[in-house]
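Structure file input.tsv; described as TSV, C-alpha atoms.
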```tsv
chain	number	residue	atom	x	y	z
T	27	MET	CA	10.04	133.32	9.94
T	28	SER	CA	6.78	134.84	8.60
T	29	TYR	CA	3.55	134.21	10.49
T	30	ARG	CA	2.24	132.06	7.60
T	31	LYS	CA	5.28	129.77	7.73
T	32	ARG	CA	5.04	129.65	11.52
T	33	THR	CA	1.36	128.65	11.28
T	34	ALA	CA	2.13	125.85	8.79
T	35	ALA	CA	4.99	124.58	10.95
T	36	LEU	CA	2.79	124.44	14.07
T	37	ALA	CA	0.03	122.61	12.21
T	38	SER	CA	2.55	120.06	10.89
T	39	ALA	CA	3.95	119.54	14.39
T	40	ALA	CA	0.45	118.94	15.74
T	41	ALA	CA	-0.24	116.36	13.03
T	42	LEU	CA	3.04	114.57	13.77
T	43	ALA	CA	2.23	114.55	17.49
T	44	GLY	CA	-1.13	112.95	16.75
T	45	SER	CA	0.61	110.31	14.62
T	46	ALA	CA	3.11	109.61	17.38
T	47	VAL	CA	0.30	109.02	19.89
T	48	TRP	CA	-1.37	106.68	17.40
T	49	MET	CA	1.79	104.62	16.88
T	50	ALA	CA	2.81	104.47	20.54
T	51	ALA	CA	-0.53	103.41	22.05
T	52	PRO	CA	-1.12	99.64	22.41
T	53	VAL	CA	-3.75	98.01	20.22
T	54	ALA	CA	-5.58	94.73	20.82
T	55	ARG	CA	-4.89	92.13	18.15
T	56	ALA	CA	-7.26	89.35	17.16
T	57	GLU	CA	-7.25	86.75	14.39
T	58	VAL	CA	-9.14	83.62	13.46
T	59	VAL	CA	-6.99	80.52	14.07
T	60	ASP	CA	-7.62	77.06	12.57
T	61	VAL	CA	-7.67	74.48	15.37
T	62	ASN	CA	-7.08	70.79	14.55
T	63	TYR	CA	-9.06	68.92	17.21
T	64	GLN	CA	-8.49	65.26	18.07
T	65	CYS	CA	-11.57	64.10	19.96
T	66	LYS	CA	-11.92	61.18	22.35
T	67	THR	CA	-15.55	60.05	22.09
T	68	PRO	CA	-17.53	57.14	23.58
T	69	ILE	CA	-17.48	55.44	20.17
T	70	GLY	CA	-13.84	56.07	19.25
T	71	ASP	CA	-11.48	58.79	18.12
T	72	LYS	CA	-12.58	61.53	15.72
T	73	SER	CA	-10.88	64.59	14.28
T	74	ALA	CA	-12.09	67.94	13.00
T	75	VAL	CA	-10.68	71.33	12.06
T	76	SER	CA	-12.54	74.48	13.07
T	77	PRO	CA	-11.56	78.14	12.81
T	78	ILE	CA	-11.63	79.66	16.31
T	79	ASP	CA	-12.30	83.31	17.09
T	80	ILE	CA	-11.71	84.81	20.57
T	81	LYS	CA	-12.87	88.32	21.49
T	82	GLY	CA	-12.42	90.43	24.63
T	83	VAL	CA	-14.80	93.08	25.95
T	84	LYS	CA	-13.95	95.28	28.96
T	85	SER	CA	-16.26	94.46	31.86
T	86	GLY	CA	-15.72	96.20	35.20
T	87	SER	CA	-12.17	95.49	36.38
T	88	GLY	CA	-11.83	92.53	33.99
T	89	TYR	CA	-12.63	91.34	30.48
T	90	ARG	CA	-15.47	89.25	29.14
T	91	ILE	CA	-13.78	86.67	26.89
T	92	THR	CA	-15.92	84.99	24.22
T	93	MET	CA	-14.80	81.99	22.17
T	94	SER	CA	-16.55	81.16	18.87
T	95	TRP	CA	-16.42	78.13	16.56
T	96	GLN	CA	-17.01	78.67	12.85
T	97	LYS	CA	-17.45	74.95	12.08
T	98	GLY	CA	-18.88	71.98	13.94
T	99	VAL	CA	-16.69	69.40	15.69
T	100	SER	CA	-17.16	65.70	16.52
T	101	SER	CA	-20.59	64.08	16.06
T	102	SER	CA	-23.04	61.72	17.74
T	103	PRO	CA	-24.31	58.37	16.42
T	104	VAL	CA	-27.76	59.29	17.70
T	105	GLU	CA	-29.75	62.48	17.59
T	106	LEU	CA	-29.11	64.90	20.43
T	107	GLY	CA	-32.37	66.49	21.45
T	108	LYS	CA	-32.75	70.12	22.43
T	109	GLY	CA	-30.77	70.80	25.62
T	110	ALA	CA	-29.02	67.42	25.56
T	111	MET	CA	-25.48	68.74	24.89
T	112	THR	CA	-23.50	71.08	27.17
T	113	PRO	CA	-20.10	72.42	26.04
T	114	SER	CA	-17.22	74.05	27.90
T	115	ALA	CA	-13.62	74.85	27.00
T	116	THR	CA	-10.38	76.20	28.33
T	117	VAL	CA	-8.37	79.15	27.04
T	118	ALA	CA	-4.63	79.19	27.70
T	119	LEU	CA	-3.16	82.48	28.96
T	120	GLY	CA	0.31	83.55	27.91
T	121	GLY	CA	2.60	86.54	27.72
T	122	ALA	CA	2.44	88.65	30.88
T	123	ASP	CA	0.07	86.16	32.55
T	124	SER	CA	-0.30	82.39	32.81
T	125	GLY	CA	-2.86	79.75	33.66
T	126	THR	CA	-6.17	78.90	32.04
T	127	LEU	CA	-9.57	80.49	31.72
T	128	THR	CA	-12.68	78.30	31.63
T	129	VAL	CA	-15.43	79.41	29.25
T	130	THR	CA	-18.92	77.96	29.30
T	131	GLY	CA	-22.19	78.42	27.46
T	132	PRO	CA	-25.77	77.23	27.09
T	133	ALA	CA	-26.91	73.79	25.99
T	134	ASN	CA	-27.91	73.29	22.37
T	135	ASP	CA	-31.09	75.21	21.57
T	136	ALA	CA	-32.12	72.85	18.76
T	137	ALA	CA	-31.88	69.13	18.07
T	138	ILE	CA	-28.61	67.93	16.49
T	139	PRO	CA	-29.14	65.15	13.90
T	140	ALA	CA	-27.15	61.92	14.18
T	141	ASN	CA	-23.73	61.78	12.50
T	142	THR	CA	-23.72	65.56	12.01
T	143	PRO	CA	-20.87	67.85	13.13
T	144	ILE	CA	-21.85	69.36	16.46
T	145	LYS	CA	-22.08	73.16	16.27
T	146	ILE	CA	-20.76	74.69	19.49
T	147	ASN	CA	-22.51	77.82	20.74
T	148	ASP	CA	-20.35	80.77	21.80
T	149	LEU	CA	-18.68	80.16	25.16
T	150	SER	CA	-17.64	82.94	27.52
T	151	GLY	CA	-15.96	83.63	30.86
T	152	THR	CA	-14.59	86.58	32.80
T	153	TYR	CA	-10.85	87.20	32.95
T	154	THR	CA	-9.55	89.47	35.72
T	155	PRO	CA	-5.87	90.32	35.21
T	156	LYS	CA	-3.54	90.12	38.19
T	157	LYS	CA	-0.52	91.21	36.15
T	158	SER	CA	-0.24	94.19	33.83
T	159	GLY	CA	1.11	93.80	30.32
T	160	GLU	CA	0.39	92.03	27.05
T	161	VAL	CA	-1.63	88.84	27.58
T	162	THR	CA	-2.38	86.23	24.89
T	163	PHE	CA	-5.42	83.95	24.69
T	164	THR	CA	-5.11	80.61	22.87
T	165	ALA	CA	-7.74	77.91	22.29
T	166	GLY	CA	-7.46	74.94	24.67
T	167	VAL	CA	-9.40	71.72	25.34
T	168	LEU	CA	-13.07	71.52	24.35
T	169	THR	CA	-15.35	69.31	26.48
T	170	ILE	CA	-18.77	68.13	25.30
T	171	LYS	CA	-21.17	66.42	27.70
T	172	ALA	CA	-24.22	64.71	26.23
T	173	LEU	CA	-26.55	61.87	27.25
T	174	GLY	CA	-24.38	60.95	30.22
T	175	THR	CA	-21.17	60.78	28.16
T	176	THR	CA	-18.13	63.06	27.90
T	177	THR	CA	-16.15	63.88	24.77
T	178	THR	CA	-12.85	65.78	24.99
T	179	CYS	CA	-11.33	67.49	21.98
T	180	THR	CA	-7.68	68.55	22.25
T	181	PRO	CA	-5.85	70.86	19.80
T	182	THR	CA	-2.94	68.99	18.18
T	183	ASN	CA	-1.48	71.63	15.87
T	184	ASP	CA	0.96	74.36	16.86
T	185	LEU	CA	-1.47	77.18	17.62
T	186	GLY	CA	-0.88	80.88	17.75
T	187	PRO	CA	-3.04	83.06	20.02
T	188	SER	CA	-6.46	84.09	18.79
T	189	LEU	CA	-6.41	87.28	20.89
T	190	THR	CA	-3.77	89.55	22.40
T	191	LEU	CA	-4.75	92.24	24.92
T	192	ASP	CA	-2.72	94.89	26.69
T	193	VAL	CA	-4.23	94.72	30.20
T	194	THR	CA	-3.80	96.58	33.47
T	195	ALA	CA	-4.23	94.78	36.77
T	196	ALA	CA	-6.35	96.36	39.50
T	197	GLY	CA	-4.15	98.96	41.19
T	198	GLY	CA	-1.64	98.69	38.34
T	199	GLY	CA	0.03	95.65	39.90
T	200	THR	CA	2.80	93.89	38.03
T	201	THR	CA	3.34	90.83	40.24
T	202	GLY	CA	1.39	87.71	41.11
T	203	SER	CA	-0.12	84.96	38.99
T	204	ALA	CA	-3.40	84.93	37.12
T	205	GLN	CA	-6.01	82.22	36.95
T	206	GLY	CA	-9.03	82.10	34.67
T	207	GLY	CA	-12.21	83.43	36.20
T	208	GLY	CA	-14.63	80.75	35.01
T	209	SER	CA	-18.06	81.79	33.77
T	210	GLY	CA	-18.77	84.57	36.24
T	211	SER	CA	-20.57	87.56	34.83
T	212	GLY	CA	-18.16	90.19	36.14
T	213	SER	CA	-19.19	93.56	37.54
T	214	GLY	CA	-19.84	96.97	36.05
T	215	ASP	CA	-21.19	98.04	32.70
T	216	GLU	CA	-19.53	96.71	29.61
T	217	LEU	CA	-17.38	99.11	27.65
T	218	PRO	CA	-16.75	99.00	23.89
T	219	GLN	CA	-15.04	95.90	22.54
T	220	THR	CA	-11.26	95.93	22.89
T	221	GLY	CA	-10.67	94.68	19.34
T	222	PRO	CA	-8.68	96.54	16.69
T	223	GLU	CA	-11.58	98.58	15.28
T	224	ASP	CA	-12.70	100.06	18.59
T	225	SER	CA	-9.11	100.75	19.62
T	226	ALA	CA	-8.58	102.54	16.32
T	227	VAL	CA	-11.63	104.76	16.94
T	228	ALA	CA	-10.45	105.64	20.44
T	229	LEU	CA	-6.88	106.36	19.30
T	230	GLY	CA	-8.13	108.36	16.34
T	231	THR	CA	-10.14	110.55	18.74
T	232	LEU	CA	-7.04	111.09	20.88
T	233	GLY	CA	-4.91	111.95	17.85
T	234	GLY	CA	-7.62	114.34	16.66
T	235	THR	CA	-7.57	116.09	20.04
T	236	VAL	CA	-3.83	116.66	19.72
T	237	LEU	CA	-4.28	117.96	16.20
T	238	LEU	CA	-7.06	120.37	17.23
T	239	ALA	CA	-4.94	121.65	20.12
T	240	GLY	CA	-2.08	122.37	17.73
T	241	ALA	CA	-4.39	124.12	15.26
T	242	ALA	CA	-5.85	126.27	18.06
T	243	GLY	CA	-2.33	127.32	19.08
T	244	ALA	CA	-1.50	128.21	15.51
T	245	LEU	CA	-4.69	130.31	15.22
T	246	TRP	CA	-3.84	132.15	18.47
T	247	LEU	CA	-0.35	133.00	17.24
T	248	THR	CA	-1.75	134.19	13.91
T	249	ARG	CA	-4.26	136.52	15.56
T	250	ARG	CA	-1.60	137.79	17.96
T	251	HIS	CA	0.73	138.53	15.07
T	252	GLN	CA	-2.02	140.33	13.14
T	253	GLY	CA	-2.95	142.35	16.22
T	254	ALA	CA	0.65	143.36	16.69
T	255	ARG	CA	0.85	144.55	13.07
T	256	THR	CA	-2.38	146.52	13.45
T	257	GLY	CA	-1.16	148.21	16.61
T	258	ARG	CA	2.04	149.45	15.00
```

How does the structure come out when it is put into structure tokens?
Amino acid sequence: MSYRKRTAALASAAALAGSAVWMAAPVARAEVVDVNYQCKTPIGDKSAVSPIDIKGVKSGSGYRITMSWQKGVSSSPVELGKGAMTPSATVALGGADSGTLTVTGPANDAAIPANTPIKINDLSGTYTPKKSGEVTFTAGVLTIKALGTTTTCTPTNDLGPSLTLDVTAAGGGTTGSAQGGGSGSGSGDELPQTGPEDSAVALGTLGGTVLLAGAAGALWLTRRHQGARTGR
């Protein structure tokens, strides 16, 4: 085989190796899921549908999980003044782990008019995996406390997970059960978000490294071949 064909073959092999790394590495998956809430309120039952988005960000040995509502849910017959409403929710864990994670957030930062859908601020909590593998996060019960009353909103439709993460337990453990970490802040500096875009950037960098390594090898063989021809 001529040195030109050998160079092309090595470059192609390097590109294929980079593609193989890309396909084999796990990627976080996230999607917005419509949640049909049935709410038990002090003045009767109410229903509302809101798209739910759940994101995960690496934080120390765990993940900072944030739950977002794109539409308001329930309502109040009277105005809720600033700071009068405090929300919390649960997130169901599935896949390699089980249990629930509690997410919490701040009270409303502005007054909510009467008979207006209540906009829920982003809620977050820290999840520390005790089992390694693919873990799913699915919207659970929303609780709203306001003016001494409690409203609970329970999903009634068949939900799929809003987020799937491939996690590694501390020490690489694969046994034991996991329980949600509540609203603790976690330790360590936060790393880039574990969603699809950031994973793609990281994997693209890895694939590029493989490709550059292959190209460098091809260049070395080419120069060696040329040197051998010159020395004849």

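Residues within 7 Å of segment 171-178 of chain T, counting all atoms listed in the file and excluding same-chain residues fewer than 2 positions away, are Cys65, Lys66, Thr67, Pro68, Ala110, Met111, Thr112, Pro113, Val167, Leu168, Thr169 and Thr180 of chain T.
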
### Task
Would you please work out which residue, of T:Thr182, T:Ser76, T:Thr162, T:Gln96, is nearest to Leu127 of chain T when using all atoms listed in the file?
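Looking at the shortest contact to Leu127 of chain T, the residue is T:Thr162.
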
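Shortest separation to Ala74 of chain T among T:Thr126, T:Thr142, T:Asn147, T:Ser188 occurs at residue T:Thr142, atoms counted being all atoms listed in the file.
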
### Between atom CA of Glu57 of chain T and atom CA of Val75 of chain T, distance in Å (one decimal)
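Spanning atom CA of Glu57 of chain T to atom CA of Val75 of chain T is a straight-line distance of 16.0 Å.
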
### Message
Could you check the closest approach to Lys157 of chain T for each of T:Leu189, T:Ile170, T:Ile69, T:Ala122 and tell me which residue wins, using only C-alpha atoms?
### Response
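Comparing T:Leu189, T:Ile170, T:Ile69, T:Ala122 against Lys157 of chain T, the winner is T:Ala122.
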